[in-house]
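File shown here: start33.tsv, holding TSV, C-alpha atoms and all ligand atoms.
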chain	number	residue	atom	x	y	z
A	203	MET	CA	-27.86	-8.13	15.04
A	204	SER	CA	-26.06	-10.41	12.66
A	205	ASP	CA	-27.39	-13.76	11.58
A	206	PRO	CA	-25.23	-16.33	13.39
A	207	GLU	CA	-25.94	-19.01	10.83
A	208	GLY	CA	-24.98	-16.73	7.96
A	209	ASP	CA	-21.77	-15.77	9.73
A	210	THR	CA	-20.47	-19.31	9.82
A	211	ASP	CA	-20.45	-19.38	6.01
A	212	LEU	CA	-18.07	-16.44	5.76
A	213	PRO	CA	-14.34	-17.05	5.94
A	214	GLN	CA	-13.27	-15.26	9.11
A	215	PRO	CA	-10.05	-13.26	8.73
A	216	LYS	CA	-7.27	-14.00	11.21
A	217	PRO	CA	-7.79	-11.54	14.06
A	218	ILE	CA	-5.28	-8.71	14.31
A	219	VAL	CA	-3.35	-9.11	17.56
A	220	ARG	CA	-0.39	-6.79	18.01
A	221	GLY	CA	3.08	-8.09	18.82
A	222	VAL	CA	2.21	-11.75	18.14
A	223	ALA	CA	3.14	-13.55	14.93
A	224	SER	CA	0.08	-14.85	13.14
A	225	ALA	CA	0.51	-17.55	10.47
A	226	LEU	CA	-1.39	-16.58	7.28
A	227	SER	CA	-0.12	-19.43	5.08
A	228	PRO	CA	2.60	-22.11	5.15
A	229	LEU	CA	5.25	-19.51	4.26
A	230	VAL	CA	3.87	-16.23	5.63
A	231	ARG	CA	3.54	-14.79	9.12
A	232	ARG	CA	2.27	-11.33	10.07
A	233	ILE	CA	3.15	-9.17	13.06
A	234	VAL	CA	1.15	-5.95	13.43
A	235	ALA	CA	2.98	-2.89	14.77
A	236	ASN	CA	1.54	-0.87	17.62
A	237	ASN	CA	0.89	2.27	15.55
A	238	PRO	CA	-2.87	2.33	14.93
A	239	GLY	CA	-4.35	5.55	13.53
A	240	VAL	CA	-6.41	7.30	10.89
A	241	MET	CA	-3.72	6.67	8.26
A	242	THR	CA	-2.55	3.27	9.46
A	243	GLY	CA	-5.77	1.45	10.39
A	244	PRO	CA	-5.02	-1.23	13.01
A	245	GLY	CA	-1.27	-0.56	12.54
A	246	THR	CA	1.44	-1.41	10.00
A	247	ASN	CA	1.61	-5.05	8.93
A	248	THR	CA	5.10	-6.55	9.03
A	249	TYR	CA	5.34	-9.81	7.10
A	250	LEU	CA	7.87	-12.60	7.52
A	251	VAL	CA	8.15	-14.75	4.40
A	252	GLY	CA	9.94	-18.11	4.52
A	253	ILE	CA	11.01	-20.68	7.10
A	254	ASP	CA	14.74	-21.45	6.64
A	255	GLU	CA	15.55	-18.15	4.98
A	256	ILE	CA	13.28	-15.24	5.79
A	257	VAL	CA	12.46	-11.96	4.09
A	258	VAL	CA	10.94	-9.31	6.35
A	259	ILE	CA	8.62	-6.94	4.47
A	260	ASP	CA	8.17	-3.47	6.07
A	261	PRO	CA	9.61	-3.49	9.61
A	262	GLY	CA	7.33	-0.53	10.37
A	263	PRO	CA	8.12	2.19	12.93
A	264	ASP	CA	11.28	2.26	15.07
A	265	ASP	CA	9.56	0.54	17.99
A	266	PRO	CA	11.94	-1.71	19.99
A	267	ALA	CA	9.13	-4.00	21.21
A	268	HIS	CA	7.95	-4.56	17.63
A	269	LEU	CA	11.50	-5.11	16.34
A	270	ASP	CA	12.19	-7.56	19.19
A	271	ALA	CA	9.03	-9.47	18.25
A	272	ILE	CA	10.19	-9.70	14.60
A	273	ALA	CA	13.73	-10.73	15.55
A	274	GLY	CA	12.37	-13.18	18.14
A	275	CYS	CA	10.23	-14.80	15.48
A	276	GLY	CA	12.83	-15.01	12.70
A	277	GLY	CA	16.16	-14.82	14.52
A	278	ASP	CA	19.27	-15.30	12.39
A	279	ARG	CA	17.17	-16.84	9.62
A	280	ILE	CA	16.18	-13.29	8.63
A	281	ARG	CA	18.37	-12.78	5.57
A	282	TRP	CA	16.69	-9.81	3.90
A	283	ILE	CA	14.69	-6.75	4.94
A	284	VAL	CA	12.65	-5.08	2.20
A	285	CYS	CA	10.52	-1.94	2.18
A	286	THR	CA	7.50	-1.30	-0.01
A	287	HIS	CA	8.15	2.46	0.16
A	288	THR	CA	9.73	5.12	2.34
A	289	HIS	CA	6.79	6.50	4.33
A	290	ILE	CA	7.34	6.75	8.07
A	291	ASP	CA	4.94	4.01	9.10
A	292	HIS	CA	6.89	1.46	6.99
A	293	PHE	CA	10.67	1.92	7.12
A	294	PRO	CA	12.11	3.54	10.30
A	295	GLY	CA	12.43	0.11	11.96
A	296	VAL	CA	14.89	-1.03	9.27
A	297	ALA	CA	18.06	0.16	11.03
A	298	GLY	CA	17.13	-1.45	14.35
A	299	LEU	CA	16.18	-4.73	12.67
A	300	LYS	CA	19.40	-4.77	10.67
A	301	GLU	CA	21.29	-4.25	13.94
A	302	ARG	CA	19.47	-7.21	15.51
A	303	THR	CA	19.83	-9.59	12.52
A	304	GLY	CA	22.58	-8.41	10.15
A	305	ALA	CA	20.16	-8.84	7.25
A	306	GLU	CA	20.60	-7.18	3.87
A	307	VAL	CA	18.34	-4.15	3.24
A	308	LEU	CA	16.62	-3.78	-0.14
A	309	ALA	CA	14.19	-1.19	-1.50
A	310	PHE	CA	13.53	0.73	-4.70
A	311	ASP	CA	15.85	3.53	-3.58
A	312	ALA	CA	17.50	5.18	-0.57
A	313	ARG	CA	15.26	8.09	0.35
A	314	ASP	CA	13.67	9.90	3.27
A	315	GLY	CA	16.41	8.59	5.59
A	316	LEU	CA	16.28	4.93	4.54
A	317	GLU	CA	19.71	3.41	3.91
A	318	ILE	CA	19.86	0.37	1.65
A	319	ASP	CA	22.41	-2.28	0.69
A	320	ARG	CA	20.89	-2.96	-2.72
A	321	ALA	CA	18.29	-1.34	-4.97
A	322	LEU	CA	15.39	-3.40	-6.33
A	323	GLY	CA	13.77	-2.54	-9.67
A	324	ASP	CA	10.68	-3.84	-11.42
A	325	GLY	CA	10.93	-7.60	-11.97
A	326	ASP	CA	13.94	-8.10	-9.69
A	327	ILE	CA	13.75	-11.20	-7.54
A	328	ILE	CA	14.90	-12.37	-4.14
A	329	GLU	CA	15.67	-16.06	-4.40
A	330	ALA	CA	15.49	-18.05	-1.16
A	331	THR	CA	15.78	-21.82	-0.76
A	332	GLU	CA	12.00	-22.28	-0.55
A	333	PHE	CA	10.55	-19.41	-2.57
A	334	VAL	CA	11.00	-16.55	-4.98
A	335	LEU	CA	9.79	-13.03	-4.18
A	336	ARG	CA	9.38	-10.75	-7.19
A	337	ALA	CA	9.35	-6.94	-7.01
A	338	VAL	CA	6.66	-5.09	-8.99
A	339	HIS	CA	7.19	-1.34	-9.32
A	340	THR	CA	3.85	0.32	-8.52
A	341	PRO	CA	4.28	4.12	-8.37
A	342	GLY	CA	1.24	6.19	-7.37
A	343	HIS	CA	0.97	6.31	-3.57
A	344	ALA	CA	4.72	6.94	-3.61
A	345	SER	CA	6.98	7.10	-6.65
A	346	ASN	CA	9.30	4.49	-5.10
A	347	HIS	CA	6.55	2.02	-4.19
A	348	LEU	CA	7.14	-1.69	-4.75
A	349	CYS	CA	4.71	-4.57	-4.35
A	350	PHE	CA	6.11	-8.07	-3.87
A	351	LEU	CA	4.74	-11.23	-5.41
A	352	LEU	CA	5.29	-14.55	-3.62
A	353	GLU	CA	4.94	-16.84	-6.61
A	354	GLN	CA	4.75	-20.12	-4.65
A	355	GLU	CA	1.61	-18.97	-2.85
A	356	ARG	CA	0.32	-16.44	-5.39
A	357	MET	CA	0.25	-13.85	-2.63
A	358	LEU	CA	0.88	-10.18	-3.38
A	359	PHE	CA	2.32	-7.95	-0.66
A	360	SER	CA	0.77	-4.65	-1.65
A	361	GLY	CA	2.19	-2.16	0.90
A	362	ASP	CA	0.07	0.99	0.66
A	363	HIS	CA	-0.79	0.49	-3.01
A	364	ILE	CA	-3.86	-1.47	-1.88
A	365	MET	CA	-5.13	-1.51	1.71
A	366	GLU	CA	-7.88	-3.40	3.43
A	367	GLY	CA	-10.55	-1.29	5.09
A	368	SER	CA	-9.90	2.04	3.35
A	369	THR	CA	-8.69	3.68	0.18
A	370	VAL	CA	-5.17	4.98	-0.30
A	371	VAL	CA	-4.10	8.63	-0.04
A	372	ILE	CA	-2.51	9.98	-3.22
A	373	ALA	CA	-0.70	13.17	-2.19
A	374	PRO	CA	1.17	15.12	-4.90
A	375	PRO	CA	3.87	15.81	-5.82
A	376	ASP	CA	5.31	12.36	-4.97
A	377	GLY	CA	1.87	10.81	-5.15
A	378	ASP	CA	0.58	10.61	-8.73
A	379	MET	CA	-2.97	9.63	-9.66
A	380	SER	CA	-2.20	8.77	-13.31
A	381	ALA	CA	0.66	6.54	-12.24
A	382	TYR	CA	-1.52	5.05	-9.49
A	383	LEU	CA	-4.25	3.98	-11.90
A	384	ARG	CA	-1.68	2.60	-14.35
A	385	SER	CA	-0.11	0.59	-11.52
A	386	LEU	CA	-3.51	-0.86	-10.58
A	387	GLU	CA	-4.06	-1.85	-14.21
A	388	ARG	CA	-0.60	-3.42	-14.30
A	389	LEU	CA	-1.43	-5.61	-11.31
A	390	LYS	CA	-4.45	-6.91	-13.19
A	391	ALA	CA	-2.04	-8.23	-15.78
A	392	HIS	CA	-0.62	-10.45	-13.01
A	393	ARG	CA	-4.13	-11.93	-12.59
A	394	PRO	CA	-3.18	-15.62	-13.09
A	395	ARG	CA	-0.52	-15.23	-10.42
A	396	LEU	CA	-2.80	-13.64	-7.78
A	397	ARG	CA	-4.75	-15.56	-5.18
A	398	SER	CA	-4.62	-13.12	-2.27
A	399	ILE	CA	-3.33	-9.69	-1.32
A	400	ALA	CA	-1.47	-9.08	1.93
A	401	PRO	CA	-1.81	-5.31	2.43
A	402	GLY	CA	0.35	-2.91	4.46
A	403	HIS	CA	-2.67	-2.23	6.66
A	404	GLY	CA	-5.67	-4.41	7.48
A	405	HIS	CA	-6.63	-8.02	6.83
A	406	LEU	CA	-5.62	-10.39	4.07
A	407	ILE	CA	-7.70	-9.72	0.93
A	408	GLU	CA	-9.02	-13.01	-0.48
A	409	ASP	CA	-10.55	-11.67	-3.70
A	410	PRO	CA	-7.76	-9.63	-5.28
A	411	LEU	CA	-9.35	-8.89	-8.65
A	412	ALA	CA	-12.61	-7.66	-7.14
A	413	LYS	CA	-10.60	-5.39	-4.84
A	414	ILE	CA	-8.49	-3.97	-7.67
A	415	ASP	CA	-11.61	-3.36	-9.77
A	416	GLU	CA	-13.32	-1.71	-6.79
A	417	TYR	CA	-10.33	0.61	-6.38
A	418	ILE	CA	-10.28	1.58	-10.06
A	419	THR	CA	-14.06	2.14	-10.14
A	420	HIS	CA	-13.91	4.29	-7.00
A	421	ARG	CA	-11.17	6.53	-8.44
A	422	LEU	CA	-12.85	6.95	-11.80
A	423	ALA	CA	-16.17	7.81	-10.09
A	424	ARG	CA	-14.39	10.46	-8.00
A	425	GLU	CA	-12.65	11.78	-11.11
A	426	ALA	CA	-16.03	12.13	-12.87
A	427	GLN	CA	-17.33	14.11	-9.86
A	428	VAL	CA	-14.31	16.43	-10.03
A	429	VAL	CA	-14.92	17.00	-13.76
A	430	ASP	CA	-18.59	17.79	-13.04
A	431	ALA	CA	-17.61	20.23	-10.28
A	432	LEU	CA	-15.18	22.02	-12.62
A	433	GLN	CA	-17.72	22.28	-15.41
A	434	ALA	CA	-20.43	23.53	-13.05
A	435	ALA	CA	-18.21	26.16	-11.42
A	436	GLY	CA	-16.35	27.65	-14.38
A	437	THR	CA	-13.34	28.66	-12.29
A	438	THR	CA	-12.99	27.20	-8.83
A	439	ARG	CA	-10.58	26.19	-6.05
A	440	ILE	CA	-9.77	22.85	-4.46
A	441	GLU	CA	-11.22	23.97	-1.13
A	442	ALA	CA	-14.62	24.53	-2.76
A	443	ILE	CA	-14.53	21.18	-4.58
A	444	VAL	CA	-13.72	19.42	-1.29
A	445	LYS	CA	-16.63	21.13	0.50
A	446	ASP	CA	-18.89	19.95	-2.28
A	447	LEU	CA	-17.66	16.37	-2.77
A	448	TYR	CA	-16.65	15.52	0.80
A	449	ALA	CA	-19.63	17.04	2.63
A	450	ASP	CA	-20.14	13.73	4.48
A	451	VAL	CA	-16.48	13.47	5.59
A	452	PRO	CA	-15.37	14.98	8.95
A	453	GLU	CA	-13.71	18.38	8.55
A	454	GLU	CA	-10.37	17.20	10.01
A	455	LEU	CA	-9.98	14.95	6.97
A	456	HIS	CA	-10.52	17.79	4.48
A	457	VAL	CA	-6.79	18.55	4.19
A	458	MET	CA	-6.22	14.96	3.04
A	459	ALA	CA	-9.26	15.17	0.76
A	460	GLY	CA	-7.79	18.36	-0.75
A	461	LEU	CA	-4.58	16.51	-1.62
A	462	SER	CA	-6.62	13.76	-3.23
A	463	VAL	CA	-8.65	16.26	-5.30
A	464	TRP	CA	-5.36	17.92	-6.31
A	465	ALA	CA	-4.08	14.51	-7.49
A	466	HIS	CA	-7.24	14.02	-9.55
A	467	LEU	CA	-6.92	17.52	-11.05
A	468	LEU	CA	-3.28	16.97	-12.03
A	469	LYS	CA	-4.31	13.77	-13.80
A	470	LEU	CA	-7.08	15.70	-15.59
A	471	VAL	CA	-4.47	18.26	-16.73
A	472	GLU	CA	-2.43	15.36	-18.14
A	473	ASP	CA	-5.57	14.08	-19.86
A	474	GLY	CA	-6.25	17.54	-21.34
A	475	LYS	CA	-9.47	17.98	-19.34
A	476	ALA	CA	-8.47	20.61	-16.77
A	477	VAL	CA	-6.35	23.73	-16.46
A	478	GLY	CA	-4.53	24.64	-13.26
A	479	GLN	CA	-1.46	23.77	-11.22
A	480	ASP	CA	-1.36	24.59	-7.51
A	481	LEU	CA	-3.06	23.25	-4.41
A	482	ASP	CA	-4.27	26.77	-3.58
A	483	GLY	CA	-4.66	28.13	-7.11
A	484	ASP	CA	-7.50	28.51	-9.61
A	485	TRP	CA	-8.80	25.55	-11.59
A	486	SER	CA	-11.10	25.31	-14.58
A	487	ALA	CA	-12.24	22.78	-17.16
A	488	ALA	CA	-10.18	22.65	-20.36
B	1	ZN	ZN	1.27	2.86	5.37
Using structure tokens, write down the structure that the file contains.
Ligand SMILES: [Zn+2]
Amino acid sequence: MSDPEGDTDLPQPKPIVRGVASALSPLVRRIVANNPGVMTGPGTNTYLVGIDEIVVIDPGPDDPAHLDAIAGCGGDRIRWIVCTHTHIDHFPGVAGLKERTGAEVLAFDARDGLEIDRALGDGDIIEATEFVLRAVHTPGHASNHLCFLLEQERMLFSGDHIMEGSTVVIAPPDGDMSAYLRSLERLKAHRPRLRSIAPGHGHLIEDPLAKIDEYITHRLAREAQVVDALQAAGTTRIEAIVKDLYADVPEELHVMAGLSVWAHLLKLVEDGKAVGQDLDGDWSAA
């Protein structure tokens, strides 16, 4: 049982209701796609930024009902469609939304079937009448991952770089743990310009720096465990490390855990602390 009096002191996050636009701030609305799952939490968050001129961030899957909801909310004021990265829970709705709105499509690059009108690099901005949205290149989860900073409201749209409710999968070769940690550190440099984080999955994060620090601490703790496992075993394999470190995680998630351990090991190779290469090969401490 929770303490009802204590509960009233906590800021309650806006409930996640699919298919309905929920206002998160004067400039930002969120529509959650109907694709809940192990990897997507309650579903992909699509954000609409702006009133007179609107940027849509991550249209999500190619789901006509979801795209109709976005277009119904923004109509012909949707001027731009941007993608944080080209994973299938974020971009396949782009073509259908462009068809409905005629908006310009922007992302880091055209990849995995995404077609774009213009590439966005680190520091590039989208300038609307009411706001500026700045792209921050944050490779790690995907090499082409961008976060977007809404300077007027100090809100960071973090895609899958930072999620609410779970950690992020780093799956080599496109996923890169060294790059991921560097990208987290880079976001900390934006500290004065951060008040909240609007993630690709889950609720708005109201304490961005604590969340970023929690993410970094979690990864470094896992890395230390991987180093210990290597040193204890002499020569070992990823499967054995997973069995050891993820004993409390359901077996169906062990494939994902294996990719994550692989990502840690590749970083340790870069750091000169491990020797090895392949997902199914031998690994040892350096
Ligand atoms: Zn995602």
Residues within 10 Å of ligand ZN 1 (chain B), counting only C-alpha atoms and all ligand atoms, as a VMD selection string
chain A and resid 241 to 243 245 to 247 260 262 286 to 293 343 361 to 365 370 to 371 401 to 403
Phe359 of chain A environment, 8 Å, all atoms listed in the file, sequence neighbours closer than 2 positions dropped, as a ChimeraX atom specification
/A:349-352,357,361,399-402
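Of the residues listed (A:Val240, A:Leu406, A:Leu316, A:Met379), A:Leu406 shows the shortest atom-to-atom separation from Pro217 of chain A; distances use all atoms listed in the file.
Distances here use all atoms listed in the file; by that measure, the residue among A:Asp409, A:Pro375, A:Ile233, A:Arg356 closest to Pro394 of chain A is A:Arg356.
Atom CA of Ala423 of chain A is found 19.5 Å from atom CA of Pro374 of chain A.
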Up to 12 Å from (20.8, 2.2, 4.6) in the file's coordinates: name the residues, counting all atoms listed in the file, as a PyMOL selection string.
chain A and resi 283-285+288+293-301+305-321
Separation of atom CA of Gly342 of chain A and atom CA of Ala381 of chain A, in Å?
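About the pair atom CA of Gly342 of chain A and atom CA of Ala381 of chain A: they are 4.9 Å apart.
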Which residues are close to Gly460 of chain A, i.e. within 10 Å by only C-alpha atoms, leaving aside same-chain residues fewer than 4 positions away? Reply as JSON, numbers by chain.
{"A": [373, 439, 440, 441, 442, 443, 444, 445, 448, 455, 456, 464, 465, 466, 481, 482]}
Could you list, as a ChimeraX atom specification, every residue within 12 Å of Val471 of chain A, counting only C-alpha atoms and ignoring same-chain residues fewer than 4 positions away?
/A:379-380,425,429,464-467,475-480,485-488
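If all atoms listed in the file are the atoms counted, then among A:Pro266, A:Pro238, A:Gly377, A:Pro341 the closest residue to Val463 of chain A is A:Gly377.
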Looking at A:Glu366, A:Ile280, A:Arg220, A:Ala435, which one is nearest to Asp484 of chain A, with distances taken over all atoms listed in the file?
A:Ala435
Residue with the minimum atom-to-atom distance to Lys216 of chain A, picked from A:Ser368, A:Ser360, A:Gln427, A:Arg231 with all atoms listed in the file counted, is A:Arg231
Scan for residues within 9 Å of the point (5.7, -18.0, -9.0) in the coordinates of the file, using all atoms listed in the file, and reply as a PyMOL selection string.
chain A and resi 333-336+351-356+395
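Distances here use only C-alpha atoms; by that measure, the residue among A:Ser227, A:Thr369, A:Ser462, A:Asn346 closest to Val251 of chain A is A:Ser227.
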Can you work out the spacing between atom CA of Ile218 of chain A and atom CA of Leu269 of chain A in Å, to one decimal?
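Atom-to-atom, atom CA of Ile218 of chain A and atom CA of Leu269 of chain A are spaced 17.3 Å apart.
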